[in-house]
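Engineer: What follows is target_13.cif, mmCIF, C-alpha atoms.
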data_input
loop_
_atom_site.label_atom_id
_atom_site.label_comp_id
_atom_site.auth_asym_id
_atom_site.auth_seq_id
_atom_site.Cartn_x
_atom_site.Cartn_y
_atom_site.Cartn_z
CA MET E 1362 12.37 -44.18 -7.80
CA GLY E 1363 15.90 -44.43 -9.03
CA GLY E 1364 18.86 -42.10 -8.62
CA PRO E 1365 18.26 -39.97 -11.75
CA MET E 1366 14.63 -39.51 -10.77
CA THR E 1367 15.60 -38.34 -7.27
CA ARG E 1368 18.12 -35.90 -8.70
CA ARG E 1369 15.56 -34.54 -11.17
CA LEU E 1370 12.97 -34.11 -8.42
CA GLY E 1371 15.51 -32.42 -6.16
CA ALA E 1372 16.49 -29.98 -8.90
CA LEU E 1373 12.84 -29.19 -9.51
CA ILE E 1374 12.24 -28.45 -5.82
CA VAL E 1375 15.30 -26.20 -5.66
CA CYS E 1376 14.10 -24.29 -8.73
CA ALA E 1377 10.63 -23.92 -7.23
CA CYS E 1378 11.99 -22.60 -3.94
CA ALA E 1379 14.32 -20.17 -5.74
CA LEU E 1380 11.45 -18.94 -7.89
CA LEU E 1381 9.20 -18.37 -4.92
CA GLY E 1382 11.98 -16.75 -2.92
CA GLY E 1383 12.53 -14.33 -5.78
CA CYS E 1384 8.84 -13.60 -5.97
CA GLY E 1385 8.74 -12.97 -2.23
CA ARG E 1386 11.63 -10.53 -2.41
CA ALA E 1387 10.06 -8.77 -5.39
CA ILE E 1388 6.82 -8.36 -3.49
CA SER E 1389 8.68 -7.01 -0.44
CA ALA E 1390 10.63 -4.58 -2.58
CA ARG E 1391 7.47 -3.39 -4.26
CA ALA E 1392 5.85 -2.83 -0.86
CA GLN E 1393 8.81 -0.70 0.21
CA GLU E 1394 8.74 1.31 -3.02
CA ASP E 1395 5.06 2.08 -2.48
CA GLY E 1396 5.96 4.23 0.55
CA GLY E 1397 5.22 3.83 4.23
CA PRO E 1398 2.17 2.24 5.71
CA VAL E 1399 -1.26 3.69 5.14
CA ILE E 1400 -2.46 5.92 7.97
CA ASP E 1401 -4.58 3.63 10.06
CA THR E 1402 -5.99 3.28 13.54
CA ASP E 1403 -2.63 2.06 14.90
CA VAL E 1404 -0.88 5.28 13.86
CA MET E 1405 -3.81 7.32 15.09
CA ALA E 1406 -3.89 5.50 18.43
CA TYR E 1407 -0.23 6.34 18.97
CA LEU E 1408 -0.75 10.00 18.08
CA SER E 1409 -3.77 10.14 20.36
CA GLU E 1410 -1.73 8.67 23.18
CA ALA E 1411 1.01 11.21 22.49
CA ARG E 1412 -1.48 14.03 22.59
CA ALA E 1413 -2.99 12.84 25.87
CA LEU E 1414 0.43 12.47 27.51
CA HIS E 1415 1.57 15.92 26.37
CA HIS E 1416 -1.60 17.40 27.84
CA GLU E 1417 -1.02 15.48 31.04
CA ALA E 1418 2.48 16.98 31.10
CA ASN E 1419 0.90 20.43 30.55
CA LEU E 1420 -1.26 20.00 33.63
CA LYS E 1421 1.68 18.81 35.71
CA GLU E 1422 3.83 21.66 34.43
CA ASP E 1423 1.10 24.20 35.23
CA ALA E 1424 1.07 22.81 38.76
CA ASN E 1425 4.86 23.22 38.93
CA ASP E 1426 5.22 19.44 39.04
CA LEU E 1427 8.11 19.22 36.58
CA PRO E 1428 9.13 15.66 37.60
CA GLY E 1429 5.50 14.61 37.07
CA ALA E 1430 5.55 16.16 33.60
CA LEU E 1431 8.75 14.28 32.84
CA VAL E 1432 7.13 11.01 33.93
CA ALA E 1433 4.25 11.55 31.50
CA LEU E 1434 6.59 12.32 28.63
CA GLY E 1435 8.85 9.42 29.59
CA GLN E 1436 5.83 7.15 29.27
CA LEU E 1437 5.38 8.39 25.71
CA VAL E 1438 8.95 7.83 24.58
CA HIS E 1439 8.80 4.27 25.92
CA ALA E 1440 5.34 3.48 24.54
CA ARG E 1441 4.89 0.80 21.88
CA LYS E 1442 5.22 2.19 18.38
CA PRO E 1443 2.84 1.36 15.54
CA HIS E 1444 4.16 -0.60 12.57
CA GLU E 1445 7.31 -1.70 14.37
CA GLY E 1446 10.09 -2.07 11.84
CA ALA E 1447 8.56 0.36 9.33
CA ALA E 1448 9.48 4.03 9.11
CA VAL E 1449 6.62 6.16 10.40
CA PRO E 1450 7.73 9.80 10.17
CA GLU E 1451 4.89 11.01 12.38
CA VAL E 1452 6.10 8.81 15.23
CA GLU E 1453 9.73 9.80 14.75
CA GLU E 1454 8.89 13.51 14.69
CA VAL E 1455 6.63 13.30 17.73
CA LEU E 1456 9.43 11.48 19.56
CA ALA E 1457 11.98 14.08 18.48
CA ASP E 1458 9.77 16.89 19.76
CA THR E 1459 8.96 15.03 22.97
CA TYR E 1460 12.66 14.56 23.71
CA ALA E 1461 13.15 18.28 23.06
CA ARG E 1462 10.47 19.10 25.62
CA MET E 1463 11.99 16.67 28.11
CA ALA E 1464 15.38 18.31 27.65
CA GLU E 1465 13.83 21.72 28.29
CA LEU E 1466 12.11 20.47 31.43
CA ARG E 1467 15.32 18.87 32.70
CA LEU E 1468 17.14 22.14 32.18
CA ARG E 1469 14.56 23.80 34.38
CA THR E 1470 15.27 21.20 37.06
CA LYS E 1471 19.02 21.91 36.65
CA ASP E 1472 19.61 18.41 35.28
CA VAL E 1473 22.06 19.41 32.56
CA THR E 1474 23.36 15.88 31.96
CA GLY E 1475 19.83 14.50 31.62
CA ALA E 1476 18.91 17.35 29.28
CA GLU E 1477 21.93 16.67 27.09
CA SER E 1478 21.02 12.97 26.98
CA ASP E 1479 17.42 13.72 25.98
CA ALA E 1480 18.47 16.20 23.29
CA ARG E 1481 20.88 13.62 21.85
CA ALA E 1482 18.18 10.94 21.89
CA GLY E 1483 15.85 13.33 20.12
CA LEU E 1484 18.36 14.06 17.38
CA GLU E 1485 18.45 10.34 16.56
CA HIS E 1486 14.78 10.60 15.66
CA ALA E 1487 15.31 13.65 13.45
CA PRO E 1488 18.23 12.88 11.12
CA ASP E 1489 17.02 15.10 8.26
CA SER E 1490 16.90 18.88 7.98
CA THR E 1491 13.52 19.66 9.51
CA TYR E 1492 12.24 22.13 12.05
CA PHE E 1493 12.30 19.23 14.51
CA ARG E 1494 16.05 18.78 14.07
CA GLY E 1495 16.62 22.52 14.11
CA HIS E 1496 14.67 22.82 17.35
CA LEU E 1497 16.62 19.99 18.94
CA LEU E 1498 19.91 21.62 17.92
CA GLU E 1499 18.66 24.82 19.47
CA VAL E 1500 17.77 23.02 22.70
CA SER E 1501 21.20 21.33 22.64
CA GLY E 1502 22.77 24.77 22.34
CA GLU E 1503 20.79 25.95 25.33
CA VAL E 1504 21.93 22.93 27.30
CA GLU E 1505 25.58 23.85 26.60
CA GLU E 1506 24.84 27.48 27.40
CA THR E 1507 23.43 26.44 30.78
CA ARG E 1508 26.41 24.18 31.34
CA ALA E 1509 28.81 27.05 30.50
CA ALA E 1510 27.07 29.30 33.04
CA ALA E 1511 27.27 26.62 35.73
CA LEU E 1512 30.95 26.00 35.00
CA ALA E 1513 31.69 29.72 35.06
CA ASP E 1514 29.91 30.01 38.42
CA ALA E 1515 32.12 27.18 39.67
CA GLY E 1516 35.22 29.09 38.55
CA LEU E 1517 36.06 26.61 35.79
CA ARG E 1518 36.78 29.24 33.16
CA ASP E 1519 38.39 27.03 30.50
CA GLN E 1520 35.67 24.41 30.64
CA ALA E 1521 33.07 27.16 30.64
CA ALA E 1522 34.65 28.65 27.52
CA ALA E 1523 34.62 25.23 25.81
CA ALA E 1524 30.96 24.77 26.69
CA ARG E 1525 30.17 28.25 25.37
CA ALA E 1526 31.97 27.46 22.10
CA LYS E 1527 30.02 24.23 21.78
CA ALA E 1528 26.80 26.10 22.47
CA LEU E 1529 27.59 28.59 19.73
CA LYS E 1530 28.34 25.80 17.28
CA LEU E 1531 25.07 24.02 18.04
CA LEU E 1532 23.05 27.22 17.82
CA ASN E 1533 24.66 28.02 14.47
CA GLN E 1534 23.77 24.55 13.25
CA ALA E 1535 20.21 25.15 14.41
CA VAL E 1536 20.03 28.39 12.43
CA THR E 1537 21.46 26.68 9.36
CA VAL E 1538 18.90 23.87 9.49
CA GLN E 1539 16.02 26.28 10.05
CA ASP E 1540 17.30 28.38 7.15
CA GLU E 1541 17.37 25.31 4.89
CA VAL E 1542 13.84 24.35 5.83
CA VAL E 1543 12.52 27.87 5.33
CA GLY E 1544 14.33 28.02 1.98
CA ARG E 1545 12.77 24.73 0.88
CA SER E 1546 9.30 25.85 1.83
CA LEU E 1547 9.84 29.07 -0.13
CA GLY E 1548 10.79 27.16 -3.23
CA GLY E 1549 14.34 25.98 -2.98
CA GLN E 1550 15.99 29.17 -1.80
CA THR E 1551 18.62 28.34 0.77
CA GLY E 1552 20.71 30.81 2.63
CA ALA E 1553 23.25 28.39 4.03
CA THR E 1554 25.45 25.62 2.76
CA GLY E 1555 24.82 22.94 5.34
CA GLU E 1556 24.36 22.08 8.98
CA GLY E 1557 27.98 22.75 9.79
CA GLY E 1558 27.68 26.03 7.89
CA ALA E 1559 30.05 28.92 8.14
CA ARG E 1560 27.56 31.17 9.85
CA GLN E 1561 29.32 32.72 12.85
CA MET S 1190 -17.02 -9.31 -81.40
CA THR S 1191 -19.84 -10.36 -79.12
CA THR S 1192 -22.72 -8.22 -78.15
CA PRO S 1193 -23.27 -7.98 -74.37
CA LYS S 1194 -26.45 -9.54 -73.14
CA PRO S 1195 -29.05 -7.11 -71.85
CA PRO S 1196 -29.79 -7.37 -68.13
CA PRO S 1197 -32.87 -9.40 -67.19
CA ALA S 1198 -36.02 -7.42 -67.05
CA VAL S 1199 -37.02 -6.46 -63.54
CA SER S 1200 -40.59 -5.80 -62.76
CA LEU S 1201 -40.88 -2.42 -61.16
CA ALA S 1202 -44.54 -3.00 -60.30
CA PRO S 1203 -45.20 -2.83 -56.54
CA LEU S 1204 -46.03 -6.15 -54.81
CA ASP S 1205 -49.59 -6.51 -53.73
CA PRO S 1206 -49.81 -8.35 -50.40
CA ASP S 1207 -53.48 -9.01 -50.93
CA ALA S 1208 -52.99 -10.55 -54.36
CA PRO S 1209 -53.99 -14.25 -54.62
CA ALA S 1210 -51.11 -16.76 -54.28
CA SER S 1211 -49.53 -17.91 -57.50
CA GLU S 1212 -49.27 -21.56 -58.47
CA GLU S 1213 -45.55 -21.49 -57.58
CA GLU S 1214 -46.21 -20.03 -54.11
CA LEU S 1215 -48.91 -22.59 -53.44
CA GLY S 1216 -46.49 -25.36 -54.40
CA GLN S 1217 -43.76 -24.07 -52.08
CA ALA S 1218 -46.22 -23.72 -49.20
CA GLY S 1219 -47.37 -27.31 -49.67
CA ALA S 1220 -43.77 -28.59 -49.72
CA LEU S 1221 -42.98 -26.71 -46.49
CA ARG S 1222 -46.07 -28.11 -44.81
CA ASP S 1223 -45.11 -31.67 -45.81
CA ALA S 1224 -41.49 -31.19 -44.67
CA LEU S 1225 -42.59 -29.84 -41.28
CA ALA S 1226 -44.88 -32.83 -40.83
CA ASP S 1227 -42.20 -35.35 -41.78
CA PRO S 1228 -38.59 -34.52 -40.70
CA THR S 1229 -37.21 -37.01 -43.19
CA VAL S 1230 -38.35 -34.79 -46.06
CA ALA S 1231 -35.50 -32.48 -47.08
CA ASN S 1232 -36.48 -28.82 -47.13
CA GLU S 1233 -34.23 -25.84 -46.34
CA ASP S 1234 -37.01 -23.66 -45.00
CA ALA S 1235 -38.29 -26.49 -42.79
CA GLU S 1236 -34.72 -27.03 -41.43
CA LEU S 1237 -34.42 -23.37 -40.58
CA LEU S 1238 -37.78 -23.32 -38.80
CA ARG S 1239 -36.94 -26.52 -36.92
CA THR S 1240 -33.57 -25.09 -35.79
CA LEU S 1241 -35.19 -21.89 -34.56
CA SER S 1242 -37.80 -23.92 -32.70
CA LEU S 1243 -35.13 -26.07 -31.00
CA MET S 1244 -33.14 -23.01 -30.03
CA GLU S 1245 -36.18 -21.55 -28.31
CA SER S 1246 -37.26 -24.76 -26.56
CA PRO S 1247 -34.81 -27.64 -26.99
CA ARG S 1248 -36.28 -31.10 -26.65
CA PRO S 1249 -34.69 -33.67 -24.32
CA LEU S 1250 -32.15 -36.01 -25.89
CA GLY S 1251 -33.19 -39.57 -26.33
CA ALA S 1252 -31.08 -42.20 -24.55
CA GLU S 1253 -29.83 -43.66 -27.79
CA GLU S 1254 -29.01 -40.31 -29.30
CA HIS S 1255 -27.20 -39.30 -26.09
CA ARG S 1256 -25.15 -42.47 -26.08
CA ALA S 1257 -24.23 -41.96 -29.73
CA ILE S 1258 -23.03 -38.39 -29.07
CA LEU S 1259 -20.96 -39.54 -26.10
CA ALA S 1260 -19.43 -42.33 -28.11
CA ARG S 1261 -18.43 -39.93 -30.86
CA ALA S 1262 -16.95 -37.43 -28.40
CA LEU S 1263 -14.99 -40.01 -26.42
CA ALA S 1264 -13.85 -42.19 -29.26
CA PRO S 1265 -10.34 -40.66 -29.60
CA ARG S 1266 -9.67 -41.01 -25.85
CA HIS S 1267 -10.63 -44.68 -25.93
CA ALA S 1268 -8.47 -45.36 -28.91
CA VAL S 1269 -5.80 -47.91 -28.30
CA ARG S 1270 -2.56 -46.23 -27.36
CA PRO S 1271 0.86 -47.71 -26.91
CA PRO S 1272 1.74 -48.50 -23.30
CA ALA S 1273 3.35 -45.58 -21.45
CA ARG S 1274 7.08 -45.78 -21.25
CA GLN S 1275 8.78 -45.80 -17.86
CA GLY S 1276 10.48 -42.45 -18.56
CA ALA S 1277 7.23 -40.72 -19.39
CA ARG S 1278 5.69 -41.94 -16.15
CA LEU S 1279 8.68 -40.63 -14.21
CA ILE S 1280 8.38 -37.21 -15.85
CA ARG S 1281 4.69 -37.08 -14.95
CA VAL S 1282 5.52 -37.97 -11.33
CA ALA S 1283 8.26 -35.32 -11.24
CA PHE S 1284 6.01 -32.62 -12.61
CA GLY S 1285 3.25 -33.63 -10.23
CA ALA S 1286 5.61 -33.41 -7.27
CA GLY S 1287 6.98 -30.10 -8.52
CA ALA S 1288 3.52 -28.64 -8.85
CA ALA S 1289 2.66 -29.82 -5.36
CA MET S 1290 5.84 -28.23 -4.01
CA LEU S 1291 4.99 -24.97 -5.75
CA ALA S 1292 1.53 -24.99 -4.24
CA VAL S 1293 2.87 -25.68 -0.74
CA ALA S 1294 5.58 -23.01 -1.07
CA ALA S 1295 3.06 -20.48 -2.34
CA ALA S 1296 0.81 -21.23 0.63
CA ILE S 1297 3.76 -20.78 3.03
CA LEU S 1298 4.67 -17.49 1.35
CA LEU S 1299 1.15 -16.22 1.84
CA LEU S 1300 1.08 -17.30 5.48
CA VAL S 1301 4.54 -16.13 6.50
CA GLU S 1302 4.58 -12.72 4.84
CA PRO S 1303 1.02 -11.53 4.88
CA GLY S 1304 2.17 -7.96 5.46
CA ASP S 1305 4.01 -7.86 2.19
CA LEU S 1306 0.92 -8.66 0.25
CA ALA S 1307 -1.55 -5.84 0.08
CA PRO S 1308 -4.58 -6.64 2.21
CA PRO S 1309 -7.95 -6.25 0.56
CA SER S 1310 -8.49 -3.04 2.48
CA ASP S 1311 -5.27 -1.53 1.18
CA GLN S 1312 -5.29 0.92 -1.67
CA THR S 1313 -3.97 -1.62 -4.15
CA ALA S 1314 -7.39 -3.21 -4.03
CA LEU S 1315 -9.15 0.09 -4.42
CA ALA S 1316 -9.86 2.19 -7.41
CA GLY S 1317 -9.78 5.94 -7.19
CA PRO S 1318 -7.46 8.27 -5.31
CA PRO S 1319 -4.73 6.66 -3.22
CA LEU S 1320 -5.05 6.30 0.53
CA ALA S 1321 -3.06 8.71 2.69
CA ARG S 1322 0.21 7.22 3.89
CA VAL S 1323 2.48 8.13 6.76
CA ARG S 1324 4.79 11.04 5.94
CA SER S 1325 6.69 13.86 7.50
CA THR S 1326 4.60 16.39 9.39
CA GLN S 1327 6.97 19.17 8.38
CA SER S 1328 4.46 20.64 5.92
CA LEU S 1329 2.08 21.31 8.82
CA PHE S 1330 4.49 23.95 10.13
CA ARG S 1331 5.25 27.10 8.20
CA GLU S 1332 7.89 28.71 10.40
CA PRO S 1333 10.68 27.62 12.74
CA PHE S 1334 9.54 26.43 16.12
CA ALA S 1335 9.57 28.82 19.07
CA ARG S 1336 12.77 28.69 21.06
CA GLN S 1337 10.98 27.16 24.04
CA GLY S 1338 7.74 25.27 24.42
CA GLY S 1339 5.10 24.63 21.81
CA GLU S 1340 5.60 20.87 21.69
CA SER S 1341 2.15 20.10 23.05
CA ALA S 1342 0.49 22.37 20.48
CA ARG S 1343 2.52 20.75 17.71
CA VAL S 1344 1.45 17.25 18.76
CA ASP S 1345 -2.13 18.53 18.78
CA ARG S 1346 -1.75 19.77 15.22
CA ILE S 1347 -0.13 16.53 14.04
CA ALA S 1348 -2.80 14.37 15.66
CA MET S 1349 -5.63 16.44 14.23
CA ALA S 1350 -4.16 16.43 10.73
CA ARG S 1351 -3.66 12.68 10.73
CA ALA S 1352 -7.09 12.07 12.23
CA SER S 1353 -8.45 13.84 9.18
CA ASP S 1354 -6.32 11.60 6.93
CA LEU S 1355 -7.58 8.52 8.74
CA ARG S 1356 -11.20 9.60 8.25
CA ASP S 1357 -10.55 10.14 4.54
CA ASN S 1358 -8.95 6.70 4.29
CA GLU S 1359 -11.91 5.06 6.00
CA PHE S 1360 -14.39 6.81 3.73
CA ARG S 1361 -12.45 5.71 0.67
CA ARG S 1362 -12.37 2.13 1.91
CA TRP S 1363 -16.10 2.25 2.43
CA GLY S 1364 -16.53 3.71 -1.03
CA VAL S 1365 -18.19 6.85 0.29
CA ARG S 1366 -15.82 9.16 -1.61
#
Show me the file's structure as structure tokens.

Structural biologist:
Amino acid sequence: MGGPMTRRLGALIVCACALLGGCGRAISARAQEDGGPVIDTDVMAYLSEARALHHEANLKEDANDLPGALVALGQLVHARKPHEGAAVPEVEEVLADTYARMAELRLRTKDVTGAESDARAGLEHAPDSTYFRGHLLEVSGEVEETRAAALADAGLRDQAAAARAKALKLLNQAVTVQDEVVGRSLGGQTGATGEGGARQ
Amino acid sequence: MTTPKPPPAVSLAPLDPDAPASEEELGQAGALRDALADPTVANEDAELLRTLSLMESPRPLGAEEHRAILARALAPRHAVRPPARQGARLIRVAFGAGAAMLAVAAAILLLVEPGDLAPPSDQTALAGPPLARVRSTQSLFREPFARQGGESARVDRIAMARASDLRDNEFRRWGVR
């Protein structure tokens, strides 16, 4: 084959690859537009595992074994997720709620730093205005409230006041989010302007 | 000025099926019999009957007749054509290579991104109502969560609701609903 023939063949191959690449992207885009994955046994297996681990934590908690309960819940937040790379709201919301429970348990074990860390991790799984986010903001407020009490007991009045102010802010945000969600479920009636609302 | 011709007289007398055959009918019957006995005799009615008979039970082609049909069908392809030019051959090679590349690339696309293409079990391959997809569980809860606790009960509710969705999906895939 001569030079012109090689060039023609090369151009044809490039066109073919570009065409197929475009088709591939179009198919991917269409798959995304269709919504998340179909509920399948992978999603159900994860939810079943979550349920079992929460019940295990219940049993440990009933036996006053709070560290044991935290181990069970820790196993859940580190478990493999179904459809890695795809958004699965069920998984995200279960994780958000599990972190909220872990934060509550850590507060009961006086681990304020650990509780704050768990509440923050939970909020990353609940970025939208949902009861899950509202609950996590509420737990975060409680964490700051507990911190303020501990600081006040230690005689650190300024730091205690700052923690109290932060607790109030977080609790107000929680109320705002809950108000938004209730308003949505009642048909679009909202009683607040946003998460950082002016409710005092 | 011309006078219009009267229409031909039409006998309104009913036909009698048991009436004896006329001379004309006897003549036509004899011609049909002769034409059926000898295919070389031209007769429209005999042709029609022969065609119907062949449609019902076609006879095998004779070797000579078969060869003649093939020769007629293939004659244009065997006609003498001018020798192919070098450029035309190159274009054919290029298109052949391009088609091969397309086929290979399509195969790679199917192998590398199988998740992007709806599997046969997915709802794109199904008629009827769509399969349940993952979505927020917010609608399962009608009021703000309790200040403390309740997570385990919420996970129970989520798992049970989605188990129901999964069952529905399976039934739809199996065509039960």

Engineer: Considering all atoms listed in the file, state which residue in the set E:Arg1545, E:Ala1418, E:Glu1453, E:Arg1467 is at the smallest distance from Thr1507 in chain E.

Structural biologist: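 The answer is E:Arg1467, which sits nearest to Thr1507 in chain E.
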
Engineer: One number please: CA of Tyr1407 in chain E to CA of Ala1321 in chain S, in Å, one decimal.

Structural biologist: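 If I compute the distance from CA of Tyr1407 in chain E to CA of Ala1321 in chain S, I get 16.7 Å.
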
Engineer: Have a look at E:His1486, E:Lys1527, E:Arg1481, E:Arg1412 and name the one nearest to chain S; count all atoms listed in the file.

Structural biologist: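 Of the candidates, the smallest distance to chain S is held by E:Arg1412.
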
Engineer: Taking the file as I've supplied it (selection: the PyMOL selection byres ((chain S and resi 1225) around 12)), which residues are included? Please answer as a list of chain:residue names.

Structural biologist: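 Going through the file, the PyMOL selection byres ((chain S and resi 1225) around 12) ends up selecting S:Ala1218, S:Gly1219, S:Ala1220, S:Leu1221, S:Arg1222, S:Asp1223, S:Ala1224, S:Ala1226, S:Asp1227, S:Pro1228, S:Thr1229, S:Val1230, S:Ala1231, S:Asn1232, S:Glu1233, S:Asp1234, S:Ala1235, S:Glu1236, S:Leu1237, S:Leu1238, S:Arg1239, S:Thr1240, S:Ser1242.
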
Engineer: Distance CA of Arg1441 in chain E-CA of Thr1402 in chain E, one decimal place?

Structural biologist: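 That distance, rounded to one decimal, is 13.9 Å.
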
Engineer: What is the CA of Ala1487 in chain E to CA of Leu1456 in chain E distance in Å?

Structural biologist: 8.8 Å

Engineer: Looking at E:Ala1457, E:Ala1510, E:Ser1501, E:Ala1406, which one is nearest to Gly1475 in chain E, with distances taken over all atoms listed in the file?

Structural biologist: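 Of all the options, E:Ser1501 lies closest to Gly1475 in chain E.
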
Engineer: When the PyMOL selection byres ((chain S and resi 1339) around 12) is applied to the file above, which residues end up in the set, as a list in words?

Structural biologist: His1415, His1416, Asn1419, Asp1458, Thr1459, Ala1461, Arg1462, Glu1465, Phe1493 and His1496 of chain E; Phe1330, Pro1333, Phe1334, Ala1335, Arg1336, Gln1337, Gly1338, Glu1340, Ser1341, Ala1342, Arg1343, Val1344, Asp1345 and Arg1346 of chain S

Engineer: The selected residues should be written to file as a tab-separated table (two decimals), in the coordinates of the input (atoms: C-alpha atoms).

Structural biologist:
chain	number	residue	atom	x	y	z
E	1415	HIS	CA	1.57	15.92	26.37
E	1416	HIS	CA	-1.60	17.40	27.84
E	1419	ASN	CA	0.90	20.43	30.55
E	1458	ASP	CA	9.77	16.89	19.76
E	1459	THR	CA	8.96	15.03	22.97
E	1461	ALA	CA	13.15	18.28	23.06
E	1462	ARG	CA	10.47	19.10	25.62
E	1465	GLU	CA	13.83	21.72	28.29
E	1493	PHE	CA	12.30	19.23	14.51
E	1496	HIS	CA	14.67	22.82	17.35
S	1330	PHE	CA	4.49	23.95	10.13
S	1333	PRO	CA	10.68	27.62	12.74
S	1334	PHE	CA	9.54	26.43	16.12
S	1335	ALA	CA	9.57	28.82	19.07
S	1336	ARG	CA	12.77	28.69	21.06
S	1337	GLN	CA	10.98	27.16	24.04
S	1338	GLY	CA	7.74	25.27	24.42
S	1340	GLU	CA	5.60	20.87	21.69
S	1341	SER	CA	2.15	20.10	23.05
S	1342	ALA	CA	0.49	22.37	20.48
S	1343	ARG	CA	2.52	20.75	17.71
S	1344	VAL	CA	1.45	17.25	18.76
S	1345	ASP	CA	-2.13	18.53	18.78
S	1346	ARG	CA	-1.75	19.77	15.22
